[in-house]
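*Asks:* Below is the file target_36.cif, with mmCIF, C-alpha atoms.
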```
data_run
#
loop_
_atom_site.group_PDB
_atom_site.id
_atom_site.type_symbol
_atom_site.label_atom_id
_atom_site.label_comp_id
_atom_site.auth_asym_id
_atom_site.auth_seq_id
_atom_site.Cartn_x
_atom_site.Cartn_y
_atom_site.Cartn_z
ATOM 1 C CA MET A 76 -89.093 5.059 -80.894
ATOM 2 C CA ILE A 77 -86.067 2.748 -80.871
ATOM 3 C CA VAL A 78 -83.554 1.741 -78.221
ATOM 4 C CA GLY A 79 -79.894 2.485 -78.981
ATOM 5 C CA GLN A 80 -76.817 0.644 -77.740
ATOM 6 C CA SER A 81 -76.624 2.957 -74.750
ATOM 7 C CA GLY A 82 -80.051 1.808 -73.618
ATOM 8 C CA ARG A 83 -81.651 5.209 -74.172
ATOM 9 C CA THR A 84 -84.681 5.578 -76.369
ATOM 10 C CA SER A 85 -84.615 7.861 -79.376
ATOM 11 C CA ARG A 86 -86.880 8.704 -82.266
ATOM 12 C CA ALA A 87 -86.912 6.573 -85.383
ATOM 13 C CA LEU A 88 -84.673 7.785 -88.169
ATOM 14 C CA ARG A 89 -86.157 9.361 -91.252
ATOM 15 C CA PRO A 90 -85.054 7.660 -94.509
ATOM 16 C CA VAL A 91 -82.980 10.654 -95.556
ATOM 17 C CA GLU A 92 -81.302 10.826 -92.151
ATOM 18 C CA ARG A 93 -80.593 7.089 -92.131
ATOM 19 C CA ALA A 94 -79.053 7.315 -95.599
ATOM 20 C CA ARG A 95 -76.863 10.176 -94.444
ATOM 21 C CA LEU A 96 -75.643 8.247 -91.404
ATOM 22 C CA ALA A 97 -75.062 5.191 -93.577
ATOM 23 C CA ASP A 98 -72.916 7.259 -95.931
ATOM 24 C CA ALA A 99 -70.768 8.466 -93.030
ATOM 25 C CA ALA A 100 -70.487 4.966 -91.544
ATOM 26 C CA GLU A 101 -69.521 3.384 -94.842
ATOM 27 C CA LEU A 102 -66.906 6.014 -95.638
ATOM 28 C CA TYR A 103 -65.325 5.716 -92.199
ATOM 29 C CA TRP A 104 -65.570 2.036 -91.232
ATOM 30 C CA VAL A 105 -65.814 0.282 -94.607
ATOM 31 C CA GLN A 106 -63.689 2.470 -96.869
ATOM 32 C CA GLY A 107 -61.314 3.463 -94.058
ATOM 33 C CA LYS A 108 -61.410 7.202 -94.707
ATOM 34 C CA LYS A 109 -60.300 9.618 -92.010
ATOM 35 C CA VAL A 110 -62.772 11.828 -90.164
ATOM 36 C CA GLU A 111 -61.720 14.947 -92.037
ATOM 37 C CA GLU A 112 -62.014 13.107 -95.363
ATOM 38 C CA VAL A 113 -65.528 11.989 -94.496
ATOM 39 C CA GLY A 114 -66.398 15.542 -93.517
ATOM 40 C CA ALA A 115 -65.015 16.939 -96.759
ATOM 41 C CA GLU A 116 -66.979 14.406 -98.819
ATOM 42 C CA LEU A 117 -70.224 15.032 -96.933
ATOM 43 C CA GLY A 118 -69.704 18.762 -96.541
ATOM 44 C CA VAL A 119 -69.757 18.812 -92.723
ATOM 45 C CA SER A 120 -67.284 19.513 -89.921
ATOM 46 C CA ARG A 121 -65.184 16.907 -88.100
ATOM 47 C CA SER A 122 -67.281 17.274 -84.950
ATOM 48 C CA THR A 123 -70.443 16.667 -86.968
ATOM 49 C CA VAL A 124 -68.903 13.525 -88.473
ATOM 50 C CA SER A 125 -68.068 12.256 -84.987
ATOM 51 C CA ARG A 126 -71.655 12.794 -83.867
ATOM 52 C CA MET A 127 -72.959 11.074 -87.009
ATOM 53 C CA LEU A 128 -70.739 8.046 -86.417
ATOM 54 C CA ALA A 129 -71.815 7.781 -82.794
ATOM 55 C CA ARG A 130 -75.464 8.013 -83.817
ATOM 56 C CA ALA A 131 -74.966 5.435 -86.582
ATOM 57 C CA ARG A 132 -73.752 2.930 -83.986
ATOM 58 C CA ALA A 133 -76.399 3.815 -81.440
ATOM 59 C CA THR A 134 -79.260 3.381 -83.911
ATOM 60 C CA GLY A 135 -77.966 0.206 -85.530
ATOM 61 C CA VAL A 136 -77.174 1.777 -88.903
ATOM 62 C CA ILE A 137 -73.742 0.175 -88.525
ATOM 63 C CA GLN A 138 -73.314 -3.075 -86.604
ATOM 64 C CA PHE A 139 -70.297 -5.194 -85.752
ATOM 65 C CA THR A 140 -70.191 -8.972 -85.672
ATOM 66 C CA VAL A 141 -67.979 -10.986 -83.333
ATOM 67 C CA HIS A 142 -66.888 -14.333 -84.806
ATOM 68 C CA ARG A 143 -66.454 -16.754 -81.911
ATOM 69 C CA GLU A 144 -65.583 -19.725 -84.084
ATOM 70 C CA GLU A 145 -61.995 -19.890 -85.244
ATOM 71 C CA GLY A 146 -61.095 -19.443 -88.885
ATOM 72 C CA PRO A 147 -57.828 -20.061 -90.726
ATOM 73 C CA THR A 148 -56.330 -16.757 -89.594
ATOM 74 C CA ASP A 149 -57.042 -17.614 -85.955
ATOM 75 C CA GLN A 150 -55.141 -20.878 -86.350
ATOM 76 C CA LEU A 151 -52.191 -19.047 -87.908
ATOM 77 C CA ARG A 152 -52.270 -16.484 -85.113
ATOM 78 C CA HIS A 153 -52.174 -19.219 -82.461
ATOM 79 C CA GLU A 154 -49.271 -20.954 -84.160
ATOM 80 C CA LEU A 155 -47.245 -17.747 -84.399
ATOM 81 C CA GLU A 156 -47.921 -16.966 -80.749
ATOM 82 C CA GLN A 157 -47.073 -20.445 -79.503
ATOM 83 C CA ARG A 158 -43.959 -20.855 -81.630
ATOM 84 C CA TYR A 159 -42.436 -17.411 -81.089
ATOM 85 C CA GLY A 160 -43.946 -16.131 -77.840
ATOM 86 C CA VAL A 161 -45.391 -12.996 -79.428
ATOM 87 C CA SER A 162 -48.811 -11.394 -79.560
ATOM 88 C CA ALA A 163 -49.870 -11.856 -83.192
ATOM 89 C CA THR A 164 -52.446 -10.290 -85.505
ATOM 90 C CA VAL A 165 -53.119 -11.918 -88.874
ATOM 91 C CA ALA A 166 -54.979 -9.791 -91.415
ATOM 92 C CA PRO A 167 -57.606 -11.957 -93.171
ATOM 93 C CA VAL A 168 -56.424 -11.477 -96.747
ATOM 94 C CA GLU A 169 -56.730 -14.144 -99.440
ATOM 95 C CA HIS A 170 -53.465 -15.660 -100.677
ATOM 96 C CA SER A 171 -54.404 -14.597 -104.203
ATOM 97 C CA GLU A 172 -54.469 -10.897 -103.361
ATOM 98 C CA THR A 173 -51.766 -8.621 -104.749
ATOM 99 C CA ALA A 174 -48.795 -7.414 -102.725
ATOM 100 C CA ARG A 175 -50.296 -3.943 -102.414
ATOM 101 C CA GLU A 176 -53.679 -5.312 -101.285
ATOM 102 C CA ARG A 177 -51.981 -7.384 -98.597
ATOM 103 C CA MET A 178 -49.968 -4.347 -97.555
ATOM 104 C CA LEU A 179 -53.133 -2.266 -97.215
ATOM 105 C CA ALA A 180 -54.842 -4.894 -95.052
ATOM 106 C CA VAL A 181 -51.826 -5.134 -92.757
ATOM 107 C CA ALA A 182 -51.495 -1.337 -92.568
ATOM 108 C CA VAL A 183 -55.137 -1.001 -91.484
ATOM 109 C CA GLN A 184 -54.646 -3.633 -88.762
ATOM 110 C CA THR A 185 -51.480 -1.910 -87.552
ATOM 111 C CA ALA A 186 -53.212 1.468 -87.362
ATOM 112 C CA SER A 187 -55.785 -0.125 -85.043
ATOM 113 C CA TRP A 188 -52.996 -1.683 -82.977
ATOM 114 C CA LEU A 189 -51.358 1.698 -82.492
ATOM 115 C CA ASP A 190 -54.662 3.290 -81.498
ATOM 116 C CA ALA A 191 -55.004 0.651 -78.789
ATOM 117 C CA PHE A 192 -51.494 0.815 -77.359
ATOM 118 C CA VAL A 193 -50.407 4.463 -77.411
ATOM 119 C CA ARG A 194 -50.835 6.189 -74.071
ATOM 120 C CA PRO A 195 -50.225 9.718 -72.710
ATOM 121 C CA GLY A 196 -46.526 10.354 -72.255
ATOM 122 C CA VAL A 197 -45.428 7.452 -74.458
ATOM 123 C CA ILE A 198 -42.321 7.606 -76.661
ATOM 124 C CA LEU A 199 -42.793 5.801 -79.982
ATOM 125 C CA ALA A 200 -39.662 4.917 -81.958
ATOM 126 C CA VAL A 201 -40.340 4.587 -85.692
ATOM 127 C CA ALA A 202 -38.197 2.739 -88.219
ATOM 128 C CA TRP A 203 -39.204 4.438 -91.464
ATOM 129 C CA GLY A 204 -39.667 2.510 -94.712
ATOM 130 C CA SER A 205 -42.248 1.438 -97.291
ATOM 131 C CA THR A 206 -44.335 -0.617 -94.851
ATOM 132 C CA VAL A 207 -44.416 2.114 -92.203
ATOM 133 C CA GLU A 208 -45.257 4.657 -94.894
ATOM 134 C CA ASN A 209 -48.379 2.636 -95.752
ATOM 135 C CA ILE A 210 -49.292 2.438 -92.072
ATOM 136 C CA SER A 211 -48.977 6.207 -91.688
ATOM 137 C CA LEU A 212 -51.547 6.684 -94.453
ATOM 138 C CA GLN A 213 -54.135 4.643 -92.525
ATOM 139 C CA LEU A 214 -53.953 6.429 -89.176
ATOM 140 C CA ARG A 215 -57.025 8.271 -87.955
ATOM 141 C CA PRO A 216 -56.761 11.409 -85.794
ATOM 142 C CA HIS A 217 -56.208 10.280 -82.205
ATOM 143 C CA PRO A 218 -54.626 13.023 -80.076
ATOM 144 C CA VAL A 219 -52.496 11.601 -77.253
ATOM 145 C CA PRO A 220 -51.275 14.069 -74.576
ATOM 146 C CA ASP A 221 -47.496 14.406 -74.181
ATOM 147 C CA MET A 222 -46.741 11.716 -76.754
ATOM 148 C CA GLN A 223 -43.366 11.865 -78.512
ATOM 149 C CA ILE A 224 -42.191 10.190 -81.714
ATOM 150 C CA VAL A 225 -38.519 9.612 -82.424
ATOM 151 C CA GLN A 226 -36.922 8.524 -85.691
ATOM 152 C CA LEU A 227 -35.140 5.221 -85.065
ATOM 153 C CA HIS A 228 -32.325 5.572 -87.595
ATOM 154 C CA GLY A 229 -30.949 8.119 -90.023
ATOM 155 C CA SER A 230 -32.282 8.539 -93.534
ATOM 156 C CA GLY A 231 -29.931 10.806 -95.464
ATOM 157 C CA ASN A 232 -27.898 9.783 -98.499
ATOM 158 C CA VAL A 233 -26.585 11.410 -101.654
ATOM 159 C CA ALA A 234 -29.523 10.239 -103.774
ATOM 160 C CA THR A 235 -32.110 11.699 -101.405
ATOM 161 C CA LEU A 236 -30.635 15.140 -100.805
ATOM 162 C CA GLY A 237 -33.418 17.698 -101.128
ATOM 163 C CA THR A 238 -36.105 15.198 -100.126
ATOM 164 C CA ASN A 239 -37.340 14.176 -96.696
ATOM 165 C CA TYR A 240 -38.898 10.739 -97.108
ATOM 166 C CA ALA A 241 -38.526 9.717 -93.465
ATOM 167 C CA GLY A 242 -39.622 13.146 -92.235
ATOM 168 C CA LEU A 243 -42.856 12.984 -94.224
ATOM 169 C CA ILE A 244 -43.686 9.610 -92.668
ATOM 170 C CA LEU A 245 -42.929 10.787 -89.136
ATOM 171 C CA ASP A 246 -44.857 14.029 -89.664
ATOM 172 C CA ARG A 247 -47.906 12.055 -90.782
ATOM 173 C CA ILE A 248 -47.753 9.859 -87.680
ATOM 174 C CA GLY A 249 -47.119 12.874 -85.475
ATOM 175 C CA ASN A 250 -50.116 14.712 -86.923
ATOM 176 C CA ALA A 251 -52.371 11.702 -86.342
ATOM 177 C CA PHE A 252 -51.483 11.559 -82.645
ATOM 178 C CA ASP A 253 -50.836 15.289 -82.209
ATOM 179 C CA ALA A 254 -47.400 14.251 -80.950
ATOM 180 C CA GLN A 255 -44.020 15.968 -80.877
ATOM 181 C CA VAL A 256 -41.710 14.558 -83.554
ATOM 182 C CA HIS A 257 -37.942 14.239 -83.104
ATOM 183 C CA TYR A 258 -35.952 13.705 -86.300
ATOM 184 C CA PHE A 259 -32.593 11.948 -86.510
ATOM 185 C CA PRO A 260 -30.649 14.324 -88.799
ATOM 186 C CA VAL A 261 -27.875 11.943 -89.825
ATOM 187 C CA PRO A 262 -27.187 9.668 -92.818
ATOM 188 C CA ALA A 263 -28.536 6.138 -92.815
ATOM 189 C CA PHE A 264 -24.895 5.010 -93.005
ATOM 190 C CA PHE A 265 -21.750 6.996 -92.285
ATOM 191 C CA ASP A 266 -18.651 6.667 -94.449
ATOM 192 C CA SER A 267 -16.740 5.180 -91.540
ATOM 193 C CA ALA A 268 -17.219 3.974 -87.983
ATOM 194 C CA SER A 269 -14.983 6.791 -86.743
ATOM 195 C CA THR A 270 -17.264 9.393 -88.337
ATOM 196 C CA ARG A 271 -20.239 7.870 -86.541
ATOM 197 C CA ALA A 272 -18.367 7.914 -83.242
ATOM 198 C CA ALA A 273 -17.592 11.604 -83.707
ATOM 199 C CA MET A 274 -21.209 12.460 -84.523
ATOM 200 C CA TRP A 275 -22.436 10.505 -81.496
ATOM 201 C CA ARG A 276 -20.560 13.014 -79.307
ATOM 202 C CA GLU A 277 -22.579 15.970 -80.642
ATOM 203 C CA LYS A 278 -25.094 17.275 -78.080
ATOM 204 C CA SER A 279 -27.963 17.529 -80.575
ATOM 205 C CA ILE A 280 -27.425 13.910 -81.640
ATOM 206 C CA GLN A 281 -27.081 12.748 -78.035
ATOM 207 C CA GLN A 282 -30.529 14.167 -77.284
ATOM 208 C CA VAL A 283 -32.076 12.029 -80.026
ATOM 209 C CA LEU A 284 -30.085 8.990 -78.905
ATOM 210 C CA ALA A 285 -31.361 9.456 -75.345
ATOM 211 C CA LEU A 286 -34.954 9.652 -76.544
ATOM 212 C CA ARG A 287 -34.449 6.556 -78.673
ATOM 213 C CA ALA A 288 -32.977 4.685 -75.710
ATOM 214 C CA GLY A 289 -35.990 5.644 -73.588
ATOM 215 C CA ALA A 290 -38.671 4.593 -76.093
ATOM 216 C CA ASP A 291 -41.684 2.654 -74.798
ATOM 217 C CA LEU A 292 -42.948 1.418 -78.176
ATOM 218 C CA LEU A 293 -41.219 0.423 -81.409
ATOM 219 C CA LEU A 294 -42.830 0.335 -84.854
ATOM 220 C CA THR A 295 -40.743 -1.397 -87.498
ATOM 221 C CA SER A 296 -40.726 -3.749 -90.442
ATOM 222 C CA VAL A 297 -38.005 -6.008 -91.789
ATOM 223 C CA GLY A 298 -36.136 -5.269 -94.995
ATOM 224 C CA THR A 299 -34.818 -7.743 -97.564
ATOM 225 C CA PRO A 300 -33.321 -7.184 -101.022
ATOM 226 C CA ASP A 301 -35.544 -9.667 -102.863
ATOM 227 C CA GLY A 302 -39.077 -9.082 -101.601
ATOM 228 C CA GLU A 303 -42.149 -8.302 -103.690
ATOM 229 C CA LEU A 304 -41.736 -4.659 -102.694
ATOM 230 C CA PRO A 305 -37.983 -4.202 -102.079
ATOM 231 C CA GLY A 306 -36.980 -2.439 -98.877
ATOM 232 C CA HIS A 307 -36.272 1.269 -99.206
ATOM 233 C CA LEU A 308 -32.688 0.855 -97.998
ATOM 234 C CA TYR A 309 -32.015 -1.483 -100.913
ATOM 235 C CA ASP A 310 -33.526 0.441 -103.811
ATOM 236 C CA SER A 311 -32.897 4.115 -103.051
ATOM 237 C CA GLY A 312 -29.149 4.555 -103.284
ATOM 238 C CA TYR A 313 -28.285 3.948 -99.628
ATOM 239 C CA LEU A 314 -26.150 0.901 -100.372
ATOM 240 C CA THR A 315 -23.514 0.564 -103.076
ATOM 241 C CA ALA A 316 -22.932 -2.479 -105.256
ATOM 242 C CA ALA A 317 -19.825 -3.129 -103.164
ATOM 243 C CA ASP A 318 -21.934 -3.025 -99.976
ATOM 244 C CA MET A 319 -24.392 -5.537 -101.428
ATOM 245 C CA ALA A 320 -21.620 -7.889 -102.556
ATOM 246 C CA GLN A 321 -19.959 -7.696 -99.160
ATOM 247 C CA MET A 322 -23.214 -8.488 -97.350
ATOM 248 C CA GLU A 323 -23.751 -11.496 -99.593
ATOM 249 C CA ARG A 324 -20.331 -12.781 -98.545
ATOM 250 C CA GLU A 325 -21.326 -12.131 -94.919
ATOM 251 C CA HIS A 326 -24.538 -14.195 -95.392
ATOM 252 C CA VAL A 327 -26.886 -11.309 -94.543
ATOM 253 C CA VAL A 328 -30.597 -12.142 -94.913
ATOM 254 C CA GLY A 329 -32.212 -8.858 -93.912
ATOM 255 C CA ASN A 330 -32.176 -5.700 -91.825
ATOM 256 C CA LEU A 331 -34.173 -4.439 -88.886
ATOM 257 C CA GLY A 332 -34.166 -0.687 -88.425
ATOM 258 C CA GLY A 333 -30.918 -0.311 -90.356
ATOM 259 C CA ILE A 334 -29.091 -3.157 -88.593
ATOM 260 C CA PHE A 335 -28.275 -6.131 -90.841
ATOM 261 C CA PHE A 336 -28.364 -9.736 -89.622
ATOM 262 C CA ARG A 337 -27.776 -13.368 -90.596
ATOM 263 C CA THR A 338 -30.184 -16.302 -90.215
ATOM 264 C CA ASP A 339 -28.837 -16.934 -86.698
ATOM 265 C CA SER A 340 -29.689 -13.260 -85.839
ATOM 266 C CA SER A 341 -26.005 -12.379 -85.412
ATOM 267 C CA THR A 342 -24.937 -8.867 -86.422
ATOM 268 C CA ASP A 343 -21.222 -8.898 -85.612
ATOM 269 C CA ARG A 344 -18.567 -8.705 -88.309
ATOM 270 C CA ILE A 345 -21.034 -7.245 -90.805
ATOM 271 C CA ASP A 346 -19.165 -4.291 -92.281
ATOM 272 C CA VAL A 347 -22.101 -1.954 -92.872
ATOM 273 C CA ASN A 348 -23.308 -2.266 -89.246
ATOM 274 C CA ALA A 349 -20.168 -0.509 -88.038
ATOM 275 C CA ARG A 350 -21.334 2.547 -90.012
ATOM 276 C CA SER A 351 -25.094 2.191 -89.456
ATOM 277 C CA THR A 352 -27.221 4.609 -87.444
ATOM 278 C CA GLY A 353 -29.651 1.815 -86.502
ATOM 279 C CA LEU A 354 -30.322 0.651 -82.936
ATOM 280 C CA PRO A 355 -28.171 -2.362 -81.932
ATOM 281 C CA PHE A 356 -30.235 -5.407 -81.024
ATOM 282 C CA ASN A 357 -29.118 -5.495 -77.387
ATOM 283 C CA GLU A 358 -30.481 -1.958 -76.992
ATOM 284 C CA LEU A 359 -33.579 -2.644 -79.077
ATOM 285 C CA ARG A 360 -34.630 -5.401 -76.654
ATOM 286 C CA ARG A 361 -34.884 -2.810 -73.858
ATOM 287 C CA ILE A 362 -37.932 -1.245 -75.522
ATOM 288 C CA ARG A 363 -40.921 -2.629 -73.662
ATOM 289 C CA ARG A 364 -43.249 -3.232 -76.628
ATOM 290 C CA ARG A 365 -41.849 -3.942 -80.076
ATOM 291 C CA LEU A 366 -44.113 -4.372 -83.105
ATOM 292 C CA LEU A 367 -42.973 -5.987 -86.354
ATOM 293 C CA VAL A 368 -45.178 -5.446 -89.407
ATOM 294 C CA ALA A 369 -44.794 -7.368 -92.676
ATOM 295 C CA ALA A 370 -46.875 -8.225 -95.740
ATOM 296 C CA ASP A 371 -44.576 -10.249 -97.970
ATOM 297 C CA PRO A 372 -44.164 -14.066 -97.891
ATOM 298 C CA ALA A 373 -40.740 -13.672 -99.533
ATOM 299 C CA LYS A 374 -39.533 -12.067 -96.303
ATOM 300 C CA SER A 375 -40.392 -15.147 -94.232
ATOM 301 C CA PRO A 376 -36.747 -16.245 -93.605
ATOM 302 C CA ALA A 377 -35.902 -12.807 -92.207
ATOM 303 C CA ILE A 378 -39.158 -12.670 -90.214
ATOM 304 C CA ARG A 379 -38.480 -16.096 -88.699
ATOM 305 C CA THR A 380 -35.018 -14.940 -87.684
ATOM 306 C CA VAL A 381 -36.324 -11.792 -85.996
ATOM 307 C CA LEU A 382 -39.136 -13.587 -84.178
ATOM 308 C CA GLY A 383 -36.994 -16.579 -83.256
ATOM 309 C CA ALA A 384 -34.398 -14.289 -81.677
ATOM 310 C CA GLY A 385 -37.035 -12.749 -79.407
ATOM 311 C CA LEU A 386 -36.535 -9.300 -80.903
ATOM 312 C CA MET A 387 -40.270 -8.594 -81.131
ATOM 313 C CA THR A 388 -43.134 -8.746 -78.657
ATOM 314 C CA ASP A 389 -45.883 -8.243 -81.267
ATOM 315 C CA VAL A 390 -46.338 -8.972 -84.957
ATOM 316 C CA VAL A 391 -48.913 -7.978 -87.595
ATOM 317 C CA VAL A 392 -48.846 -9.920 -90.864
ATOM 318 C CA ASP A 393 -51.209 -11.033 -93.624
ATOM 319 C CA ALA A 394 -52.354 -14.645 -93.921
ATOM 320 C CA ALA A 395 -49.999 -15.554 -96.773
ATOM 321 C CA THR A 396 -46.969 -14.204 -94.930
ATOM 322 C CA ALA A 397 -48.015 -15.923 -91.687
ATOM 323 C CA GLN A 398 -48.389 -19.213 -93.572
ATOM 324 C CA ALA A 399 -44.921 -18.871 -95.103
ATOM 325 C CA VAL A 400 -43.424 -18.171 -91.663
ATOM 326 C CA VAL A 401 -45.028 -21.124 -89.856
ATOM 327 C CA GLU A 402 -44.426 -23.619 -92.683
ATOM 328 C CA ALA A 403 -40.658 -23.529 -92.252
#
```
Can you give me the file's structure in the form of structure tokens?
*Replies:*
Amino acid sequence: MIVGQSGRTSRALRPVERARLADAAELYWVQGKKVEEVGAELGVSRSTVSRMLARARATGVIQFTVHREEGPTDQLRHELEQRYGVSATVAPVEHSETARERMLAVAVQTASWLDAFVRPGVILAVAWGSTVENISLQLRPHPVPDMQIVQLHGSGNVATLGTNYAGLILDRIGNAFDAQVHYFPVPAFFDSASTRAAMWREKSIQQVLALRAGADLLLTSVGTPDGELPGHLYDSGYLTAADMAQMEREHVVGNLGGIFFRTDSSTDRIDVNARSTGLPFNELRRIRRRLLVAADPAKSPAIRTVLGAGLMTDVVVDAATAQAVVEA
């Protein structure tokens, strides 16, 4: 007999049974597979996988270690928190790792963050993009009663007609939390400010705007034109060459949820913002908890601007990106 973590005694595991539990534990906790993926690989149901994982923990097949001594990532986390007044998570990834490996590590950390902070009845606003797409792929099933997800800004443009990039991301997040998804069926940028004003008077659009304004949580990244993995707004036909040239003249360093900004965080007199469907920064600050996710040291000037302006309450980054931010 052995004593599990719950304090109850149970029979010793047979070698075959232990190996089976170890397979489930490794697939789920080490390889990061979802419950249904583990079940498919082992040929069992989701409920059986859940029982196997619980038993693996109770019998010590899988164990977790708490590191009480600080490492380099802890020091970076403290510096980010003290300098910018945010709650920070720094994924422990070596500086030599590739951009995609850093992105994966940050996405896994963000998925855990979301699991911890979503609550029944919460409204999560999502700024779609490459980083958030990677996060959506790491989410495990975690049904949350009465949860709603709202698309933060529009996603349509001529080059993407017939596709639904943002919708696929939101659907994946909605499926993970068993939440109701509300799409924002408008272009990323209108042709003119007057067109946007007219659309904002439509009842169907006003319903989405009201949900967006009432969001409790925000999930977003920051976009720049020259990162290791260029932001989706920059490389998918949303912006013209004339737009890009104009923003260079306006000293734009990045965008947050479709709103472009300078190094002093100002957004006024930036032409494309008058046509953008993004959430203005004064409204964005009303969201109680705002999470910025990034895995690219080249984005550090834009990240510093966003954090320095108090636009975020939380941040998840990899070690290399955190180092680039705090070294400024």
*Asks:* Enumerate, in order of chain and increasing residue number, the residues of stretch 288-394 of chain A with an atom no farther than 9 Å from stretch 189-199 of chain A, each with its shortest atom pair and distance in Å to one decimal, counting only C-alpha atoms, as JSON lines.
*Replies:*
```
{"residue": "A:Gly289", "atom": "CA", "partner": "A:Ile198", "partner_atom": "CA", "distance": 7.3}
{"residue": "A:Ala290", "atom": "CA", "partner": "A:Ile198", "partner_atom": "CA", "distance": 4.8}
{"residue": "A:Asp291", "atom": "CA", "partner": "A:Ile198", "partner_atom": "CA", "distance": 5.3}
{"residue": "A:Leu292", "atom": "CA", "partner": "A:Leu199", "partner_atom": "CA", "distance": 4.7}
{"residue": "A:Leu293", "atom": "CA", "partner": "A:Leu199", "partner_atom": "CA", "distance": 5.8}
{"residue": "A:Leu294", "atom": "CA", "partner": "A:Leu199", "partner_atom": "CA", "distance": 7.3}
```
*Asks:* Check the smallest atom-to-atom distance from each of A:Gly160, A:Pro262, A:Gly353, A:Gly242 to A:Ala288 using all atoms listed in the file, then report the winner.
*Replies:*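 Checking each candidate against A:Ala288, we get A:Gly353 as the closest.
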*Asks:* Take the PyMOL selection byres ((chain A and resi 136) around 8), apply it to the structure above, and return the hits as a list in words.
*Replies:*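 Listing what the PyMOL selection byres ((chain A and resi 136) around 8) selects in the shown file: Arg93, Leu96, Ala97, Ala100, Ala131, Arg132, Ala133, Thr134, Gly135, Ile137 and Gln138 of chain A.
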*Asks:* Could those selected residues go to a file with C-alpha atoms, as a compact mmCIF listing (two decimals), in the coordinates of the input?
*Replies:*
```txt
# COMPACT_ATOMS: atom_id res chain seq x y z
CA ARG A 93 -80.59 7.09 -92.13
CA LEU A 96 -75.64 8.25 -91.40
CA ALA A 97 -75.06 5.19 -93.58
CA ALA A 100 -70.49 4.97 -91.54
CA ALA A 131 -74.97 5.44 -86.58
CA ARG A 132 -73.75 2.93 -83.99
CA ALA A 133 -76.40 3.82 -81.44
CA THR A 134 -79.26 3.38 -83.91
CA GLY A 135 -77.97 0.21 -85.53
CA ILE A 137 -73.74 0.18 -88.52
CA GLN A 138 -73.31 -3.08 -86.60
```
*Asks:* Report, in Å to a single decimal, how far apart atom CA of A:Leu331 and atom CA of A:His153 are.
*Replies:*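 Rounded to one decimal, the two atoms are 24.2 Å apart.
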*Asks:* Rounded to one decimal, what separation in Å do you get between atom CA of A:Ala395 and atom CA of A:Asn209?
*Replies:* 18.3 Å
*Asks:* Work out how far apart atom CA of A:Lys108 and atom CA of A:Thr185 are and give it in Å to one decimal.
*Replies:*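 Atom CA of A:Thr185 lies 15.3 Å from atom CA of A:Lys108.
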*Asks:* Check which residues satisfy the PyMOL selection byres ((chain A and resi 183) around 12) in the file shown, then give them as a VMD selection string.
*Replies:* chain A and resid 104 to 109 164 to 168 176 to 182 184 to 190 206 to 215 368 370 391 to 393
*Asks:* Would you kindly return, as a PyMOL selection string, each protein, DNA or RNA residue with an atom no farther than 12 Å from any atom of A:Arg271, considering all atoms listed in the file and excluding same-chain residues fewer than 3 positions away?
*Replies:* chain A and resi 229+261-268+274-277+280-281+347-353
*Asks:* With all atoms listed in the file as the basis for distance, which of A:Leu382, A:Tyr240, A:Val225, A:Arg130 is at the shortest distance from A:Leu88?
*Replies:*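 Checking each of A:Leu382, A:Tyr240, A:Val225, A:Arg130 against A:Leu88, counting all atoms listed in the file, the winner is A:Arg130.
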*Asks:* Restricting the calculation to only C-alpha atoms, which member of A:Ala273, A:Ala163, A:Ala320, A:Leu286 is positioned closest to A:Val390?
*Replies:* A:Ala163
*Asks:* Name the residues that the PyMOL selection byres ((chain A and resi 110) around 10) pulls out of this structure, and write them as an MDAnalysis selection string.
*Replies:* chainID A and resid 99 102:103 107:109 111:116 120:125 128 215:216
*Asks:* Given only C-alpha atoms as the basis, pick out the residue of A:Gln321, A:Ala316, A:Arg126, A:Arg360 nearest to A:Met387.
*Replies:*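 Using only C-alpha atoms, the shortest distance to A:Met387 belongs to A:Arg360.
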*Asks:* So which one's closest to A:Val201, A:Asp246, A:Glu156, A:Glu172, A:Glu358? Using only C-alpha atoms, please.
*Replies:*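 Of the candidates, the smallest distance to A:Val201 is held by A:Asp246.
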*Asks:* First collect every listed atom of stretch 176-182 of chain A; then fit an axis-aligned box around them, widen it by 5 Å on each side, and give centre and edge lengths in Å to one decimal, as AutoDock Vina command-line options.
*Replies:*
```
--center_x -52.4 --center_y -4.4 --center_z -96.9 --size_x 14.9 --size_y 16.0 --size_z 18.7
```
*Asks:* Between A:Val119, A:Tyr159, A:Arg364, A:Leu151, which has the minimum distance to A:Ala200 (counting all atoms listed in the file)?
*Replies:*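 Comparing A:Val119, A:Tyr159, A:Arg364, A:Leu151 against A:Ala200, the winner is A:Arg364.
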*Asks:* What lies within 8 Å of A:Phe252 using only C-alpha atoms, ignoring chain neighbours under 5 positions off, as an MDAnalysis selection string?
*Replies:* chainID A and resid 216:219 222
*Asks:* Report as a list in words all protein, DNA and RNA residues lying within 8 Å of stretch 375-380 of chain A, evaluated on only C-alpha atoms, omitting residues in the same chain fewer than 4 positions from it.
*Replies:*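 Those residues are Val297, Thr299, Val328, Gly329, Arg337, Thr338, Asp339, Ser340, Asp371, Ala384, Thr396, Ala399 and Val400 of chain A.
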